[in-house]
Amino acid sequence: MKKVWAYVLPTLLCFAAGGVAAFLQSDSLREWYPYLNKPALTPPNVVFPIAWSIIYLFMGISAGRVLTSGSSRRRGVMWIWYVQLLVNFLWSILFFTLRSPLAGLVDILLLDGLVIWYIASSARVRASAAWLFVPYLCWVLFATYLNGYILLMNGPGL
């Protein structure tokens, strides 16, 4: 049963962070974001909660793979996991709540690096943990492009 919680708790933490971020950005999603100049590759709004649900599930499972590995490196890898989740959460606050594409871009560039670091570090503990983060990396790199475009076409915000 202890192993089950190693998967369930990180997954719930991801969904909780995502839920709080969604709540905090809801006004901006109605009042600000629709009026921004966005790239043609911007997905429809319905794609975002679906993509994030899958990504959060994979993130939680990845953490569970690390936590149940028995590796002496798991504590350090999990530290990276927690920090990247915090930086992920902060992006929503900076970009949407504060309506700052510039602050969002700075944050998401940090997030890109943290996700790459986690993948490299978790691969030494359990390869499956690293592979579960690859869709997240792809999505975050795409989000970096979207954020950068919005910054260039709309200004820094605040």
# chains A, B, ... in the order shown; residues from 1 in each chain; ligands from 1

$ residues_around --residues "Met78 in chain A" --least-positions-apart "5" --cutoff "8 Å" --atoms "only C-alpha atoms" --output "VMD selection string"
chain A and resid 63 66 to 67

$ write_last_selection --atoms "C-alpha atoms" --output "short mmCIF file (atom, residue, chain, number, x, y, z; two decimals), in the first residue's frame"
data_model
loop_
_atom_site.label_atom_id
_atom_site.label_comp_id
_atom_site.auth_asym_id
_atom_site.auth_seq_id
_atom_site.Cartn_x
_atom_site.Cartn_y
_atom_site.Cartn_z
CA ALA A 63 7.54 10.92 -9.25
CA VAL A 66 11.51 7.80 -8.54
CA LEU A 67 10.13 7.46 -5.00
#

$ residues_around --residues "Leu12 in chain A" --least-positions-apart "5" --cutoff "12 Å" --atoms "only C-alpha atoms" --output "list in words"
Trp5, Ala6, Tyr7, Ala17, Gly18, Gly19, Ser53, Tyr56, Leu57, Phe58, Met59, Gly60, Ile61, Ala63 and Gly64 of chain A

$ write_last_selection --atoms "C-alpha atoms" --output "PDB file, in the first residue's frame"
ATOM      1  CA  TRP A   5       0.743   6.367  -2.099  1.00  0.00           C
ATOM      2  CA  ALA A   6       4.103   7.129  -3.703  1.00  0.00           C
ATOM      3  CA  TYR A   7       2.163   7.455  -6.958  1.00  0.00           C
ATOM      4  CA  ALA A  17      -1.542  22.868  -8.202  1.00  0.00           C
ATOM      5  CA  GLY A  18      -3.222  22.873 -11.597  1.00  0.00           C
ATOM      6  CA  GLY A  19      -6.647  23.407 -10.060  1.00  0.00           C
ATOM      7  CA  SER A  53      -4.540  16.375 -17.275  1.00  0.00           C
ATOM      8  CA  TYR A  56      -0.112  15.914 -14.572  1.00  0.00           C
ATOM      9  CA  LEU A  57      -0.892  12.195 -14.522  1.00  0.00           C
ATOM     10  CA  PHE A  58       2.475  11.403 -16.149  1.00  0.00           C
ATOM     11  CA  MET A  59       4.266  13.779 -13.752  1.00  0.00           C
ATOM     12  CA  GLY A  60       2.743  12.029 -10.754  1.00  0.00           C
ATOM     13  CA  ILE A  61       3.587   8.578 -12.081  1.00  0.00           C
ATOM     14  CA  ALA A  63       7.536  10.920  -9.250  1.00  0.00           C
ATOM     15  CA  GLY A  64       6.184   7.589  -8.036  1.00  0.00           C
TER      16      GLY A  64
END

$ closest_residue --among "A:Met153, A:Ala40, A:Ala143, A:Leu94" --to "Gln25 in chain A" --atoms "only C-alpha atoms"
A:Leu94

$ atom_distance --atom1 "CA of Thr144 in chain A" --atom2 "CA of Pro10 in chain A"
24.4 Å

$ select_by_dssp --residues "range 5-158 of chain A" --states "alpha helix (DSSP H)" --output "JSON, numbers by chain"
{"A": [5, 6, 7, 8, 9, 10, 11, 12, 13, 14, 15, 16, 17, 18, 19, 20, 21, 22, 23, 24, 25, 26, 27, 28, 29, 30, 31, 47, 48, 49, 50, 51, 52, 53, 54, 55, 56, 57, 58, 59, 60, 61, 62, 63, 64, 65, 66, 67, 74, 75, 76, 77, 78, 79, 80, 81, 82, 83, 84, 85, 86, 87, 88, 89, 90, 91, 92, 101, 102, 103, 104, 105, 106, 107, 108, 109, 110, 111, 112, 113, 114, 115, 116, 117, 118, 119, 120, 121, 122, 123, 127, 128, 129, 130, 131, 134, 135, 136, 137, 138, 139, 140, 141, 142, 143, 144, 145, 146, 147, 148, 149, 150, 151, 152, 153, 154]}

$ closest_residue --among "A:Leu13, A:Leu29, A:Leu152, A:Ile55" --to "Trp139 in chain A" --atoms "only C-alpha atoms"
A:Ile55

$ atom_distance --atom1 "CA of Gly70 in chain A" --atom2 "CA of Ser128 in chain A"
14.4 Å

$ closest_residue --among "A:Ile93, A:Ala127, A:Ala16, A:Leu132" --to "Asp107 in chain A" --atoms "only C-alpha atoms"
A:Ile93

$ closest_residue --among "A:Val77, A:Leu109, A:Leu36, A:Val83" --to "Ala130 in chain A" --atoms "only C-alpha atoms"
A:Val77

$ decode --residues "range 7-92 of chain A" --atoms "C-alpha atoms" --output "CSV table (one decimal), in the first residue's frame"
chain,number,residue,atom,x,y,z
A,7,TYR,CA,2.2,7.5,-7.0
A,8,VAL,CA,-1.1,8.9,-5.7
A,9,LEU,CA,0.2,11.7,-3.6
A,10,PRO,CA,2.4,13.3,-6.2
A,11,THR,CA,-0.4,13.0,-8.8
A,12,LEU,CA,-2.9,14.6,-6.5
A,13,LEU,CA,-0.3,17.4,-5.8
A,14,CYS,CA,0.0,18.1,-9.5
A,15,PHE,CA,-3.8,18.2,-10.0
A,16,ALA,CA,-4.2,20.4,-6.9
A,17,ALA,CA,-1.5,22.9,-8.2
A,18,GLY,CA,-3.2,22.9,-11.6
A,19,GLY,CA,-6.6,23.4,-10.1
A,20,VAL,CA,-5.5,26.3,-7.9
A,21,ALA,CA,-3.7,27.9,-10.9
A,22,ALA,CA,-6.8,27.5,-13.1
A,23,PHE,CA,-8.9,29.2,-10.4
A,24,LEU,CA,-6.5,32.1,-10.1
A,25,GLN,CA,-6.2,32.6,-13.8
A,26,SER,CA,-9.9,32.3,-14.7
A,27,ASP,CA,-10.6,36.1,-14.8
A,28,SER,CA,-7.6,36.7,-17.2
A,29,LEU,CA,-8.8,33.8,-19.4
A,30,ARG,CA,-12.1,35.7,-19.9
A,31,GLU,CA,-11.0,39.3,-19.8
A,32,TRP,CA,-7.4,39.5,-21.1
A,33,TYR,CA,-6.2,36.4,-22.9
A,34,PRO,CA,-8.8,36.3,-25.7
A,35,TYR,CA,-7.8,39.8,-26.8
A,36,LEU,CA,-4.1,39.1,-27.2
A,37,ASN,CA,-2.4,38.6,-30.6
A,38,LYS,CA,-1.5,34.9,-30.6
A,39,PRO,CA,0.3,32.7,-33.1
A,40,ALA,CA,-1.6,30.7,-35.7
A,41,LEU,CA,-0.4,27.5,-34.0
A,42,THR,CA,-2.3,28.4,-30.7
A,43,PRO,CA,-4.5,25.4,-29.9
A,44,PRO,CA,-8.2,25.8,-29.2
A,45,ASN,CA,-8.9,26.4,-25.5
A,46,VAL,CA,-10.4,22.9,-25.0
A,47,VAL,CA,-6.9,21.4,-25.7
A,48,PHE,CA,-5.3,22.9,-22.6
A,49,PRO,CA,-7.1,21.1,-19.8
A,50,ILE,CA,-6.9,17.8,-21.7
A,51,ALA,CA,-3.2,18.2,-22.3
A,52,TRP,CA,-2.5,19.2,-18.7
A,53,SER,CA,-4.5,16.4,-17.3
A,54,ILE,CA,-2.4,13.9,-19.2
A,55,ILE,CA,0.8,15.7,-18.3
A,56,TYR,CA,-0.1,15.9,-14.6
A,57,LEU,CA,-0.9,12.2,-14.5
A,58,PHE,CA,2.5,11.4,-16.1
A,59,MET,CA,4.3,13.8,-13.8
A,60,GLY,CA,2.7,12.0,-10.8
A,61,ILE,CA,3.6,8.6,-12.1
A,62,SER,CA,7.1,9.7,-12.8
A,63,ALA,CA,7.5,10.9,-9.3
A,64,GLY,CA,6.2,7.6,-8.0
A,65,ARG,CA,8.7,5.8,-10.2
A,66,VAL,CA,11.5,7.8,-8.5
A,67,LEU,CA,10.1,7.5,-5.0
A,68,THR,CA,9.8,3.7,-5.3
A,69,SER,CA,13.2,3.2,-6.9
A,70,GLY,CA,15.2,2.7,-3.7
A,71,SER,CA,18.0,4.8,-5.3
A,72,SER,CA,20.2,6.9,-3.1
A,73,ARG,CA,19.7,9.7,-5.7
A,74,ARG,CA,15.9,9.8,-5.3
A,75,ARG,CA,15.9,12.7,-2.8
A,76,GLY,CA,17.8,15.0,-5.1
A,77,VAL,CA,15.7,14.0,-8.1
A,78,MET,CA,12.5,14.7,-6.1
A,79,TRP,CA,13.9,18.1,-5.0
A,80,ILE,CA,14.1,19.0,-8.7
A,81,TRP,CA,10.5,17.6,-9.2
A,82,TYR,CA,9.1,19.8,-6.5
A,83,VAL,CA,10.9,22.9,-7.7
A,84,GLN,CA,9.8,22.4,-11.3
A,85,LEU,CA,6.2,22.0,-10.1
A,86,LEU,CA,6.4,25.2,-8.1
A,87,VAL,CA,7.9,27.1,-11.1
A,88,ASN,CA,5.2,25.6,-13.3
A,89,PHE,CA,2.5,26.9,-10.9
A,90,LEU,CA,4.2,30.3,-10.8
A,91,TRP,CA,4.0,30.6,-14.5
A,92,SER,CA,0.2,30.8,-14.4
